[in-house]
Structure formats: structure tokens, C-alpha cells
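Chemist: Structure: my_file_9.csv, CSV, C-alpha atoms.
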chain,number,residue,atom,x,y,z
A,1,MET,CA,-15.7,-10.1,-1.2
A,2,GLN,CA,-14.2,-7.6,1.2
A,3,PRO,CA,-10.8,-6.3,0.3
A,4,LEU,CA,-7.9,-7.6,2.3
A,5,LYS,CA,-7.5,-4.1,3.6
A,6,LYS,CA,-6.8,-2.8,6.0
A,7,VAL,CA,-3.7,-3.9,7.9
A,8,GLY,CA,-1.9,-1.1,6.2
A,9,LEU,CA,-4.1,1.9,7.2
A,10,GLY,CA,-4.2,0.9,10.9
A,11,ILE,CA,-0.5,0.3,11.3
A,12,THR,CA,0.2,3.6,9.5
A,13,PHE,CA,-2.0,5.5,11.9
A,14,LEU,CA,-0.4,3.7,14.9
A,15,LEU,CA,3.1,4.9,13.9
A,16,LEU,CA,2.0,8.5,13.5
A,17,ALA,CA,0.4,8.4,17.0
A,18,LEU,CA,3.6,7.1,18.6
A,19,LEU,CA,5.8,9.9,17.2
A,20,VAL,CA,3.7,12.6,18.9
A,21,ALA,CA,4.3,10.9,22.3
A,22,SER,CA,8.0,10.6,21.5
A,23,ALA,CA,8.3,14.2,20.4
A,24,GLU,CA,6.6,15.4,23.5
A,25,ALA,CA,8.7,13.2,25.7
A,26,LYS,CA,19.3,0.3,-18.8
A,27,SER,CA,16.5,2.0,-21.0
A,28,SER,CA,12.8,1.3,-20.6
A,29,ARG,CA,11.3,-1.7,-22.4
A,30,ARG,CA,7.9,0.0,-22.7
A,31,LYS,CA,6.5,3.5,-22.7
A,32,ILE,CA,6.4,4.3,-19.0
A,33,HIS,CA,4.3,6.8,-17.2
A,34,ARG,CA,6.0,7.8,-14.0
A,35,VAL,CA,4.7,9.1,-10.7
A,36,GLY,CA,7.4,10.6,-8.6
A,37,LEU,CA,7.3,10.1,-4.8
A,38,GLN,CA,8.2,12.9,-2.4
A,39,ARG,CA,8.9,12.6,1.3
A,40,ASP,CA,6.9,14.5,3.9
A,41,THR,CA,9.3,16.1,6.4
A,42,ASP,CA,6.8,17.0,9.2
A,43,GLN,CA,8.3,14.8,11.9
A,44,ARG,CA,5.3,15.2,14.3
A,45,LYS,CA,3.1,13.2,11.9
A,46,ILE,CA,5.4,10.2,11.7
A,47,LEU,CA,4.4,7.9,14.5
A,48,ARG,CA,0.9,9.3,15.2
A,49,ASN,CA,-0.7,6.9,12.7
A,50,LEU,CA,1.1,3.6,12.9
A,51,GLY,CA,-0.8,2.0,15.8
A,52,HIS,CA,-4.1,2.3,14.1
A,53,GLN,CA,-3.1,0.0,11.3
A,54,ASN,CA,-3.4,-3.0,13.6
A,55,LYS,CA,-7.1,-2.1,13.9
A,56,MET,CA,-7.6,-3.0,10.3
A,57,ILE,CA,-6.0,-6.4,9.8
A,58,ARG,CA,-8.9,-8.8,10.3
A,59,SER,CA,-10.6,-7.9,7.0
A,60,LYS,CA,-7.5,-8.7,5.0
A,61,PRO,CA,-7.2,-12.5,5.2
A,62,ARG,CA,-10.5,-13.4,3.6
A,63,LEU,CA,-8.7,-14.9,0.7
A,64,ALA,CA,-10.3,-18.3,0.3
A,65,THR,CA,-13.4,-16.7,-1.3
A,66,ALA,CA,-11.4,-14.7,-3.8
A,67,GLN,CA,-12.6,-15.5,-7.3
A,68,ALA,CA,-10.1,-16.4,-10.0
A,69,GLU,CA,-9.3,-13.6,-12.3
A,70,THR,CA,-10.3,-14.4,-15.8
A,71,THR,CA,-9.8,-11.1,-17.6
A,72,MET,CA,-8.5,-11.6,-21.1
A,73,PHE,CA,-6.1,-8.9,-22.4
A,74,THR,CA,-5.6,-7.9,-25.9
A,75,ALA,CA,-2.9,-5.7,-27.4
A,76,SER,CA,-3.4,-2.0,-27.0
A,77,SER,CA,-1.1,0.8,-28.3
A,78,SER,CA,-0.2,3.7,-26.1
A,79,SER,CA,-1.5,7.1,-27.2
A,80,SER,CA,1.3,9.0,-25.5
A,81,SER,CA,5.0,8.9,-26.2
A,82,SER,CA,5.9,11.1,-23.2
A,83,ILE,CA,6.8,10.0,-19.7
A,84,PRO,CA,4.7,12.2,-17.3
A,85,THR,CA,6.0,12.6,-13.8
A,86,GLU,CA,3.9,13.6,-10.8
A,87,THR,CA,5.1,14.3,-7.3
A,88,LEU,CA,3.8,12.1,-4.5
A,89,THR,CA,4.4,12.2,-0.8
A,90,ASN,CA,6.0,9.7,1.4
A,91,SER,CA,5.0,10.4,5.0
A,92,TYR,CA,8.0,9.2,6.9
A,93,ASN,CA,8.0,5.7,5.4
A,94,THR,CA,4.5,5.0,6.8
A,95,GLU,CA,2.3,5.8,3.8
A,96,TYR,CA,2.9,6.7,0.1
A,97,TYR,CA,0.3,8.8,-1.6
A,98,GLY,CA,0.0,11.1,-4.5
A,99,GLN,CA,-2.2,13.5,-6.5
A,100,VAL,CA,-4.9,12.6,-8.8
A,101,THR,CA,-7.7,14.7,-10.4
A,102,ILE,CA,-11.3,13.5,-10.5
A,103,GLY,CA,-13.4,15.8,-12.7
A,104,SER,CA,-11.6,19.1,-12.0
A,105,GLN,CA,-10.9,18.4,-8.4
A,106,GLN,CA,-7.6,17.3,-6.9
A,107,PHE,CA,-7.1,14.6,-4.2
A,108,GLN,CA,-4.2,13.0,-2.4
A,109,VAL,CA,-4.7,9.2,-2.6
A,110,LEU,CA,-2.9,6.3,-1.0
A,111,PHE,CA,-1.6,3.9,-3.6
A,112,ASP,CA,-2.7,0.5,-2.3
A,113,THR,CA,-1.8,-2.9,-3.8
A,114,ALA,CA,-4.2,-4.8,-1.6
A,115,SER,CA,-7.5,-3.2,-2.7
A,116,ALA,CA,-9.0,-2.4,-6.1
A,117,ASN,CA,-11.4,0.5,-5.7
A,118,LEU,CA,-10.9,4.2,-6.0
A,119,TRP,CA,-12.7,6.2,-3.3
A,120,VAL,CA,-12.6,9.8,-2.0
A,121,PRO,CA,-14.7,11.7,0.5
A,122,SER,CA,-17.9,13.2,-0.8
A,123,VAL,CA,-19.1,16.8,-0.3
A,124,LYS,CA,-22.2,15.1,1.1
A,125,CYS,CA,-20.2,13.9,4.0
A,126,THR,CA,-20.5,16.6,6.7
A,127,GLN,CA,-18.6,14.8,9.5
A,128,LYS,CA,-15.7,16.7,10.9
A,129,VAL,CA,-13.3,14.1,9.6
A,130,CYS,CA,-14.5,14.7,6.1
A,131,LEU,CA,-14.2,18.5,6.4
A,132,GLN,CA,-10.5,17.9,7.1
A,133,HIS,CA,-10.0,16.4,3.6
A,134,ASN,CA,-10.7,17.4,0.0
A,135,ARG,CA,-14.2,16.3,-0.9
A,136,TYR,CA,-15.6,15.5,-4.3
A,137,ASN,CA,-18.5,17.8,-5.5
A,138,SER,CA,-20.2,16.4,-8.6
A,139,SER,CA,-21.9,19.8,-9.2
A,140,ARG,CA,-18.5,21.2,-10.0
A,141,SER,CA,-17.7,18.7,-12.7
A,142,LYS,CA,-18.9,18.9,-16.3
A,143,THR,CA,-17.9,15.3,-16.9
A,144,TYR,CA,-19.7,13.7,-14.0
A,145,ALA,CA,-22.1,10.9,-14.6
A,146,ALA,CA,-24.5,9.6,-11.9
A,147,ASN,CA,-24.4,6.0,-10.8
A,148,GLY,CA,-25.9,5.9,-7.4
A,149,SER,CA,-25.2,2.3,-6.4
A,150,ALA,CA,-24.6,1.9,-2.7
A,151,PHE,CA,-21.0,1.4,-1.7
A,152,GLN,CA,-19.8,0.0,1.6
A,153,ILE,CA,-16.4,-1.2,2.8
A,154,GLU,CA,-15.8,-2.7,6.2
A,155,TYR,CA,-12.5,-2.6,8.0
A,156,ALA,CA,-12.8,-5.1,10.9
A,157,THR,CA,-10.9,-4.2,14.1
A,158,ARG,CA,-10.2,-5.9,17.4
A,159,GLU,CA,-12.7,-3.6,19.1
A,160,GLU,CA,-15.4,-2.9,16.5
A,161,ALA,CA,-16.2,-2.8,12.8
A,162,VAL,CA,-14.9,0.3,11.0
A,163,ILE,CA,-17.3,1.0,8.1
A,164,LEU,CA,-17.1,3.5,5.3
A,165,GLU,CA,-20.3,4.1,3.4
A,166,GLY,CA,-21.2,6.0,0.3
A,167,PHE,CA,-22.2,5.6,-3.3
A,168,LEU,CA,-20.7,5.1,-6.7
A,169,SER,CA,-20.2,7.9,-9.3
A,170,THR,CA,-18.4,8.2,-12.6
A,171,ASP,CA,-16.1,10.9,-13.8
A,172,ARG,CA,-12.8,11.5,-15.6
A,173,LEU,CA,-9.7,10.6,-13.7
A,174,LYS,CA,-6.3,12.1,-14.3
A,175,ILE,CA,-3.1,10.5,-13.1
A,176,ALA,CA,0.5,11.1,-14.2
A,177,GLY,CA,-0.7,13.3,-17.1
A,178,LEU,CA,-3.0,10.5,-18.4
A,179,THR,CA,-6.8,11.0,-18.5
A,180,VAL,CA,-9.1,8.1,-18.0
A,181,LYS,CA,-12.6,8.5,-19.2
A,182,ASN,CA,-15.6,7.2,-17.3
A,183,GLN,CA,-13.8,5.9,-14.2
A,184,THR,CA,-16.3,4.7,-11.6
A,185,PHE,CA,-15.3,5.5,-8.0
A,186,ALA,CA,-16.9,5.8,-4.6
A,187,GLU,CA,-18.0,9.0,-2.9
A,188,ILE,CA,-17.7,8.3,0.8
A,189,THR,CA,-20.4,9.9,2.9
A,190,SER,CA,-19.6,8.3,6.2
A,191,MET,CA,-16.2,7.4,7.7
A,192,PRO,CA,-14.9,6.8,11.2
A,193,GLU,CA,-13.3,9.9,12.7
A,194,SER,CA,-11.1,7.8,15.1
A,195,VAL,CA,-9.1,6.5,12.1
A,196,PHE,CA,-9.2,8.9,9.2
A,197,ASN,CA,-8.7,12.1,11.1
A,198,ARG,CA,-5.1,11.0,11.4
A,199,SER,CA,-4.6,10.3,7.7
A,200,ASN,CA,-2.5,12.6,5.4
A,201,PHE,CA,-4.4,11.4,2.3
A,202,ASP,CA,-7.9,11.9,1.2
A,203,GLY,CA,-8.7,8.6,-0.3
A,204,ILE,CA,-7.5,5.2,-1.6
A,205,PHE,CA,-6.3,4.3,-5.1
A,206,GLY,CA,-6.5,0.5,-5.4
A,207,LEU,CA,-4.0,-1.4,-7.6
A,208,GLY,CA,-5.4,-4.9,-7.0
A,209,PHE,CA,-7.3,-7.1,-9.4
A,210,ARG,CA,-10.9,-6.6,-10.4
A,211,SER,CA,-12.0,-9.8,-8.6
A,212,ILE,CA,-11.5,-8.0,-5.3
A,213,SER,CA,-13.2,-4.8,-6.4
A,214,ILE,CA,-16.4,-3.9,-4.4
A,215,GLY,CA,-19.3,-3.6,-6.8
A,216,ASP,CA,-17.3,-5.2,-9.6
A,217,VAL,CA,-15.9,-1.8,-10.6
A,218,ASN,CA,-13.2,-1.8,-13.2
A,219,PRO,CA,-10.0,-0.7,-11.4
A,220,PRO,CA,-8.2,2.4,-12.7
A,221,LEU,CA,-5.2,0.5,-13.9
A,222,LEU,CA,-7.3,-1.7,-16.2
A,223,ASN,CA,-9.1,1.4,-17.6
A,224,LEU,CA,-5.7,3.0,-18.3
A,225,PHE,CA,-4.8,-0.1,-20.3
A,226,GLU,CA,-8.2,-0.7,-22.0
A,227,GLN,CA,-8.3,2.9,-23.1
A,228,GLY,CA,-4.9,2.7,-24.7
A,229,LEU,CA,-3.1,5.0,-22.3
A,230,ILE,CA,-0.5,2.4,-21.2
A,231,GLU,CA,0.9,-0.5,-23.2
A,232,ALA,CA,0.4,-3.2,-20.6
A,233,PRO,CA,-1.7,-3.8,-17.5
A,234,LEU,CA,1.2,-3.6,-15.1
A,235,PHE,CA,2.9,-1.1,-12.8
A,236,SER,CA,6.3,-1.0,-11.1
A,237,LEU,CA,7.0,0.4,-7.6
A,238,ILE,CA,10.2,1.7,-6.0
A,239,LEU,CA,10.1,3.4,-2.6
A,240,ASN,CA,12.8,5.7,-1.4
A,241,ARG,CA,13.5,5.2,2.3
A,242,ASN,CA,16.5,7.5,2.4
A,243,ALA,CA,15.8,10.5,4.6
A,244,SER,CA,18.7,12.4,3.0
A,245,GLU,CA,16.6,12.7,-0.2
A,246,PRO,CA,13.4,14.5,1.0
A,247,SER,CA,12.3,15.6,-2.4
A,248,ASN,CA,12.3,12.0,-3.9
A,249,GLY,CA,10.2,9.4,-2.2
A,250,GLY,CA,10.3,6.9,-5.1
A,251,GLN,CA,8.4,6.2,-8.2
A,252,LEU,CA,5.2,4.5,-9.4
A,253,LEU,CA,5.6,3.5,-13.1
A,254,LEU,CA,2.4,2.9,-15.0
A,255,GLY,CA,2.5,0.4,-17.9
A,256,GLY,CA,6.1,-0.6,-17.9
A,257,SER,CA,9.4,-1.3,-16.1
A,258,ASP,CA,12.7,0.5,-16.0
A,259,PRO,CA,15.9,-1.6,-15.8
A,260,THR,CA,17.9,1.5,-14.8
A,261,LEU,CA,16.2,1.4,-11.4
A,262,TYR,CA,17.3,-2.1,-10.3
A,263,SER,CA,20.4,-4.2,-10.0
A,264,GLY,CA,20.8,-7.4,-12.1
A,265,CYS,CA,17.9,-9.3,-13.5
A,266,LEU,CA,14.3,-9.4,-12.4
A,267,THR,CA,13.1,-12.6,-10.7
A,268,TYR,CA,9.7,-13.6,-11.9
A,269,VAL,CA,7.3,-15.2,-9.4
A,270,PRO,CA,3.7,-16.4,-10.3
A,271,LEU,CA,0.9,-15.4,-8.1
A,272,SER,CA,-0.3,-18.3,-5.8
A,273,GLN,CA,-3.7,-16.7,-5.6
A,274,VAL,CA,-5.1,-14.1,-7.9
A,275,GLY,CA,-6.9,-11.1,-6.6
A,276,TYR,CA,-4.3,-9.9,-4.2
A,277,TRP,CA,-0.7,-9.9,-5.1
A,278,GLN,CA,-0.1,-13.1,-3.2
A,279,ILE,CA,3.0,-15.3,-3.7
A,280,THR,CA,4.6,-18.3,-2.1
A,281,VAL,CA,7.8,-17.5,-0.3
A,282,GLY,CA,10.3,-20.4,-0.1
A,283,SER,CA,11.6,-19.4,3.3
A,284,ILE,CA,12.0,-16.4,5.6
A,285,SER,CA,14.8,-16.5,8.1
A,286,LEU,CA,16.8,-14.3,10.5
A,287,ASP,CA,20.5,-14.7,9.7
A,288,THR,CA,21.5,-18.4,10.2
A,289,ASP,CA,18.7,-19.1,12.6
A,290,SER,CA,16.0,-21.7,11.7
A,291,ASP,CA,13.4,-20.5,9.2
A,292,LEU,CA,10.6,-18.3,10.5
A,293,CYS,CA,8.5,-20.0,7.9
A,294,SER,CA,8.9,-22.3,4.9
A,295,ASN,CA,6.7,-22.2,1.8
A,296,CYS,CA,4.7,-19.5,3.4
A,297,GLU,CA,2.0,-17.4,1.7
A,298,ALA,CA,2.5,-13.7,1.6
A,299,ILE,CA,0.7,-10.7,0.2
A,300,ILE,CA,2.7,-7.7,-1.1
A,301,ASP,CA,0.9,-4.6,0.2
A,302,ALA,CA,2.1,-1.1,-0.4
A,303,GLY,CA,-0.7,0.1,1.8
A,304,THR,CA,0.9,-1.4,4.9
A,305,SER,CA,3.8,0.2,6.7
A,306,LEU,CA,5.2,-2.9,8.5
A,307,ILE,CA,5.6,-6.6,8.0
A,308,VAL,CA,2.6,-8.4,9.5
A,309,VAL,CA,3.3,-11.9,10.7
A,310,PRO,CA,1.3,-14.6,12.7
A,311,SER,CA,1.3,-13.9,16.4
A,312,ALA,CA,3.5,-17.0,17.2
A,313,THR,CA,6.1,-15.8,14.8
A,314,LEU,CA,6.0,-12.3,16.2
A,315,ALA,CA,6.7,-13.8,19.7
A,316,ALA,CA,9.7,-15.6,18.4
A,317,ILE,CA,11.0,-12.5,16.7
A,318,ASN,CA,10.6,-10.4,19.8
A,319,GLN,CA,12.4,-13.0,21.9
A,320,ARG,CA,15.2,-13.0,19.4
A,321,PHE,CA,15.4,-9.2,19.6
A,322,GLY,CA,15.0,-9.0,23.4
A,323,ILE,CA,11.7,-7.2,23.0
A,324,THR,CA,9.3,-7.6,25.9
A,325,ALA,CA,5.7,-6.7,26.6
A,326,ALA,CA,6.9,-3.5,28.3
A,327,ASP,CA,8.2,-2.3,24.9
A,328,LYS,CA,4.8,-2.3,23.4
A,329,ARG,CA,3.4,1.2,22.7
A,330,ASP,CA,0.2,1.9,21.0
A,331,GLY,CA,0.2,-1.5,19.3
A,332,VAL,CA,3.7,-1.5,18.0
A,333,TYR,CA,7.0,-2.5,19.6
A,334,THR,CA,9.9,-0.2,20.3
A,335,ILE,CA,13.5,-1.3,20.6
A,336,SER,CA,16.7,0.5,21.7
A,337,CYS,CA,18.4,2.1,18.7
A,338,ASP,CA,21.7,0.9,20.2
A,339,LYS,CA,20.8,-2.7,19.4
A,340,VAL,CA,20.2,-2.2,15.7
A,341,SER,CA,23.8,-2.8,14.6
A,342,SER,CA,23.9,-6.2,16.3
A,343,LEU,CA,20.6,-7.5,14.9
A,344,PRO,CA,20.6,-10.2,12.2
A,345,ALA,CA,19.8,-9.8,8.6
A,346,LEU,CA,16.3,-10.8,7.4
A,347,THR,CA,16.4,-13.1,4.3
A,348,PHE,CA,13.4,-13.9,2.0
A,349,ASN,CA,13.9,-16.7,-0.5
A,350,ILE,CA,11.6,-15.8,-3.4
A,351,GLY,CA,11.7,-17.6,-6.7
A,352,ARG,CA,14.8,-19.5,-5.5
A,353,ARG,CA,16.7,-16.2,-5.0
A,354,ASP,CA,17.6,-14.6,-1.7
A,355,PHE,CA,16.6,-11.1,-1.0
A,356,THR,CA,18.3,-9.8,2.2
A,357,LEU,CA,17.2,-6.9,4.4
A,358,PRO,CA,19.7,-5.5,6.9
A,359,ALA,CA,18.4,-4.6,10.4
A,360,SER,CA,18.5,-0.9,9.4
A,361,SER,CA,15.8,-1.7,6.8
A,362,TYR,CA,13.4,-3.5,9.2
A,363,ILE,CA,13.9,-1.2,12.2
A,364,LEU,CA,12.4,2.2,11.8
A,365,ASN,CA,14.2,5.1,13.4
A,366,TYR,CA,12.0,8.1,14.2
A,367,ASP,CA,14.1,10.9,15.7
A,368,GLY,CA,15.8,8.5,18.1
A,369,THR,CA,12.7,6.3,18.7
A,370,CYS,CA,13.3,2.9,17.1
A,371,VAL,CA,10.3,0.8,16.1
A,372,SER,CA,10.3,-2.9,15.1
A,373,GLY,CA,9.2,-3.5,11.6
A,374,PHE,CA,7.2,-6.5,12.6
A,375,THR,CA,3.7,-6.6,14.0
A,376,SER,CA,0.7,-9.1,14.1
A,377,LEU,CA,-3.0,-9.1,14.2
A,378,SER,CA,-3.2,-10.0,17.9
A,379,ASP,CA,-1.2,-11.3,20.8
A,380,GLY,CA,-2.6,-14.8,20.4
A,381,GLY,CA,-4.6,-17.1,18.2
A,382,ASN,CA,-4.1,-18.3,14.6
A,383,ASP,CA,-4.4,-14.8,13.1
A,384,LEU,CA,-4.2,-14.5,9.3
A,385,THR,CA,-4.0,-18.3,9.2
A,386,GLY,CA,-0.3,-18.2,8.7
A,387,LEU,CA,-0.4,-15.5,6.1
A,388,TRP,CA,2.4,-12.8,6.0
A,389,VAL,CA,1.7,-9.3,4.8
A,390,LEU,CA,4.8,-7.7,3.3
A,391,GLY,CA,4.4,-3.9,3.6
A,392,ASP,CA,6.7,-0.9,2.9
A,393,VAL,CA,9.4,-2.3,5.2
A,394,PHE,CA,9.8,-5.2,2.8
A,395,LEU,CA,9.4,-3.1,-0.3
A,396,GLY,CA,11.9,-0.4,0.7
A,397,PRO,CA,15.2,-2.1,-0.6
A,398,LEU,CA,13.5,-3.6,-3.6
A,399,TYR,CA,12.1,-2.9,-7.1
A,400,VAL,CA,8.9,-4.7,-7.7
A,401,GLU,CA,6.9,-5.1,-11.0
A,402,PHE,CA,3.2,-6.1,-10.7
A,403,ASP,CA,1.9,-7.7,-13.8
A,404,MET,CA,-1.9,-8.3,-14.2
A,405,GLU,CA,-1.7,-9.9,-17.6
A,406,TYR,CA,0.7,-12.7,-16.7
A,407,LYS,CA,-0.5,-12.8,-13.1
A,408,ARG,CA,3.0,-12.5,-11.6
A,409,ILE,CA,5.4,-10.2,-9.9
A,410,ALA,CA,9.0,-9.5,-10.7
A,411,ILE,CA,11.5,-8.5,-8.1
A,412,ALA,CA,15.1,-7.2,-7.9
A,413,PRO,CA,17.3,-5.2,-5.6
A,414,LYS,CA,16.8,-1.5,-6.3
A,415,LEU,CA,19.7,0.8,-7.2
Write out the structure in this file as C-alpha cells.

Modeler:
Amino acid sequence: MQPLKKVGLGITFLLLALLVASAEAKSSRRKIHRVGLQRDTDQRKILRNLGHQNKMIRSKPRLATAQAETTMFTASSSSSSSIPTETLTNSYNTEYYGQVTIGSQQFQVLFDTASANLWVPSVKCTQKVCLQHNRYNSSRSKTYAANGSAFQIEYATREEAVILEGFLSTDRLKIAGLTVKNQTFAEITSMPESVFNRSNFDGIFGLGFRSISIGDVNPPLLNLFEQGLIEAPLFSLILNRNASEPSNGGQLLLGGSDPTLYSGCLTYVPLSQVGYWQITVGSISLDTDSDLCSNCEAIIDAGTSLIVVPSATLAAINQRFGITAADKRDGVYTISCDKVSSLPALTFNIGRRDFTLPASSYILNYDGTCVSGFTSLSDGGNDLTGLWVLGDVFLGPLYVEFDMEYKRIAIAPKL
């Protein structure tokens, strides 16, 4: 099936477009391999991308056809006792990406929990948009192995289908000091310039289950585990949203969890549908108001900047915040920064535990331009069939562990 992507990419691109207009006017339980996250401080890039994420929502909710994940895991010992750290970039809380090496060539890749493939531009792509990014050249790699199977991923938009095309190849992959042998990935030979010429990253590193992988390609995380490079098929994510710490955007932990990074105990929640990191949320509410939803289905998606809600829910939220149609700019909603201190807290009841986000977490402030952390697929209709997509706005205050073996997530407030 098509991956749930890409709400995340389009909303990220929308945000970065808006900024330009605004500017012009405990010890570890397992051996853990860490990827550090670093913030990008180029303010002119912030809002230029966010609006384009809305273009990519429609391909995400095709969940009913997802196949159950039946992978059986066996014990595997880690071959490394060190905890490698790599620097990643957080581009103004709109996208989190980091460096990997394929063959001998380096790429910046967006870490995305709502897809399962690894792809980067190919040297065979001669479009202007590809020339703006690092491109994979198989002739420069001694460890390259040809595959040649056709690869296509479609990002459906309101206006048109956004299609990336290419072919599969195999090479060594290096991440966080760990080297994966024979990782199959996609070389992209055609991509839409209107979308990816705004991206700060070269490609996508999927962290979803194999059942949503195009071409049934084994995802990198599973290869890390199966080759004995990490002790468990899980990863943990913590995003730093604090602008006062530009050199540390957060961490991606491979193969374990670190109790020194969160407060209290982890709350474990089973996946309601395997493939995406989809859970049932008991309720979501604004302060003491009536619930925005009860027993609602939600996907945790690190590739999405905002919280994507059904259009009727967005209308109710906007009314509560005093946001009108005149506040809509490039597909997202702005709000007076003076209102933020009076806005209600947003509470998610997950696993019978409340996780509360203050307004300062769900309102994004870009140099005095404040943007609502909520968006939807469209201004009408039954979009996403009631599904919520919980992006970086949701993840910001939290520590989340994603466990493929036990098909669950674990969540706690971050320290």
C-alpha cells in the first residue's frame, strides 16, 4: 500500500513559505546508539515550507488496507558497546533530519515514523530540484549492488498527484556509527520541483513497519537489529523545541531507551493498527471544555510538523481561539501572539494517563509571527475519516519509545 505520507512534508513546506513573507513584511537499560539533533538557525527558512505539507495529506489515511505485521523477532546481541552520537538538524521545529552515509556518500535525511522506505535523489535525476540536493552515484561506491526494480511513491494533493519515481539499489548504510550491510533503498530519478526545492533534506529515512514499505523492502531499523547492531527493534525519540539551545535539537536513540531523559514512568500503549504507529487516544480536550474527540485513532508522525485534525474539529478549535478565515495564510492559520497566554491547555488522555501541552507548545512563534499548531486536510468533508495525525507539536514536550517487537509505544514527559 502507499505510505500514509505525506501530511508531514507538505505542512513543513507551508511553514517555511510563510516565514519568508513574514520576514519580508536513570542509566540506559540497553546499549543505545544515539543520534543528536541540532537546530537550524536560518530564520528565513522557517515558514517557507509549512504550507506545502497540507498538499500531502490525502495519501496518509489509507489505513484499512494495511497488512498485519507478522515479523517474528529472535534475540540478537549487539556488536558494539559504544554509544555513537551524530549531529542532526532541527529546522525551526518544522523538520528533523540528520546525516547518513550510503556507500561513501553523505545525505541529510528526514526521520519519518509514518513511512518505511529509505530514498535519496539519484545522480540520474537531472532536474533542477535534484541538482540542489546530494545525489547518489553508484559508480562511486565499491559496495553497490544493482537491484533495478521500479520504485514509485505517490503523494496525493488537493490539486494534483505528486509522484516520485526511481528504482531500487542496494549498498552499505551508515548511521550513528553503525554500518548496515546490503540495505536496499530507492534512487529517485524524478521528483516535483514545486515541493522538494523547498526542503532542507535530501531524502527520507522511514521508521515504520515493513508492512507499509513499498516493494516489501526491509526497513533500515530491522536490518540494524537483524545484523546484530542494536539489541532490540525499537527506537526512542526526543525533540528539543527550545530555541535557547541551538546546538541540541534532540536525540534519536537506536535500539533502546534512556530513563534519564524522561520524568516518572513510561506509559505503554499497544498499537491499534500495525504498520503505522497508530494508537487509540482515550480523549483529547482543550482545558475543561468538552472533548474534541473520544476514543479517537491517532498516528504518531515525526515527519509532520503540526497536529492534523478532521476539518470539523479544526473549525471548532479555530472558533475557540478566535481564528477566522482571514487569518489563513498559505494553508495554515496565524494568531496574535498576544493571545497565547490566555489560550487553554491541550490534554491527551493516553493509556489512562493525561499528557498536557500548554498553549506555548501548540502555538509556534516565528519571529513574532504566531502560527496555530492545528491544521486539516481540507476546509470541509470527512477528511482522514476522523483520524488525527500527531506531529512534532505533539512530540515536543514528550519522550516516546517506538517498539516494533511488542507493537507498542511508550510515552512520558521529557526532562

Chemist: One decimal, in Å: what's the spacing between atom CA of Gly103 of chain A and atom CA of Gly203 of chain A?

Modeler: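 Computing it gives 15.1 Å between the two atoms.
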
Chemist: Can you tell me how far atom CA of Leu118 of chain A sits from atom CA of Leu395 of chain A, in Å to one decimal?

Modeler: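 Computing the Euclidean distance for atom CA of Leu118 of chain A and atom CA of Leu395 of chain A yields 22.3 Å.
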
Chemist: Centre and edge lengths of an axis-aligned box around all listed atoms of segment 144-155 of chain A, with 8 Å added on each side, are to be given in Å to one decimal, as lines of an AutoDock Vina configuration file.

Modeler:
center_x = -19.2
center_y = 5.5
center_z = -3.3
size_x = 29.4
size_y = 32.4
size_z = 38.6

Chemist: Counting all atoms listed in the file, which residue out of A:Leu224, A:Leu286, A:Val393, A:Leu271 sits closest to Ile307 of chain A?

Modeler: A:Val393

Chemist: By how many Å are atom CA of Thr260 of chain A and atom CA of Ile230 of chain A apart?

Modeler: 19.5 Å

Chemist: Counting all atoms listed in the file, figure out which residue out of A:Thr94, A:Ser290, A:Pro233, A:Pro344 gets nearest to Asn365 of chain A.

Modeler: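 Counting all atoms listed in the file, the residue closest to Asn365 of chain A is A:Thr94.
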
Chemist: I'd like to know which of A:Phe225, A:Phe235, A:Phe402, A:Phe201 is closest to Val274 of chain A, using all atoms listed in the file.

Modeler: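 Comparing A:Phe225, A:Phe235, A:Phe402, A:Phe201 against Val274 of chain A, the winner is A:Phe402.
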
Chemist: Show me, as a list in words, the residues that have an atom within 8 Å of Ser213 of chain A when counting all atoms listed in the file, minus same-chain residues fewer than 3 positions from it.

Modeler: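 Answer for this query is Met1, Pro3, Ser115, Ala116, Asn117, Gly208, Phe209, Arg210, Asp216, Val217, Asn218 and Pro219 of chain A.
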
Chemist: Taking into account only C-alpha atoms, which residue in the set A:Val308, A:Asn182, A:Ser91, A:Asp392 is nearest to Asn223 of chain A?

Modeler: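 Selected residue with least distance to Asn223 of chain A: A:Asn182.
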
Chemist: I'd like the contact shell of Ser294 of chain A - 10 Å cut-off, all atoms listed in the file, skipping same-chain residues fewer than 3 positions apart - returned as a ChimeraX atom specification.

Modeler: /A:280-285,290-291,297,348-349

Chemist: Please identify all polymer residues within 9 Å of segment 104-114 of chain A, counting all atoms listed in the file, omitting same-chain residues fewer than 2 positions from it, and present them as a PyMOL selection string.

Modeler: chain A and resi 3-6+8+60+88-89+95-102+116+118-120+133-137+140-143+172-173+200-209+212+252+275-277+299-304

Chemist: Taking (10.5, -1.5, -7.7) in the coordinates of the supplied file, I want to know which residues reach to within 9 Å of it, counting all atoms listed in the file; could you give the answer as a list of chain:residue names?

Modeler: A:Ser236, A:Leu237, A:Ile238, A:Leu239, A:Gly250, A:Gln251, A:Leu252, A:Leu253, A:Ser257, A:Asp258, A:Leu261, A:Tyr262, A:Leu395, A:Gly396, A:Pro397, A:Leu398, A:Tyr399, A:Val400, A:Glu401, A:Ala410, A:Ile411, A:Ala412, A:Pro413, A:Lys414
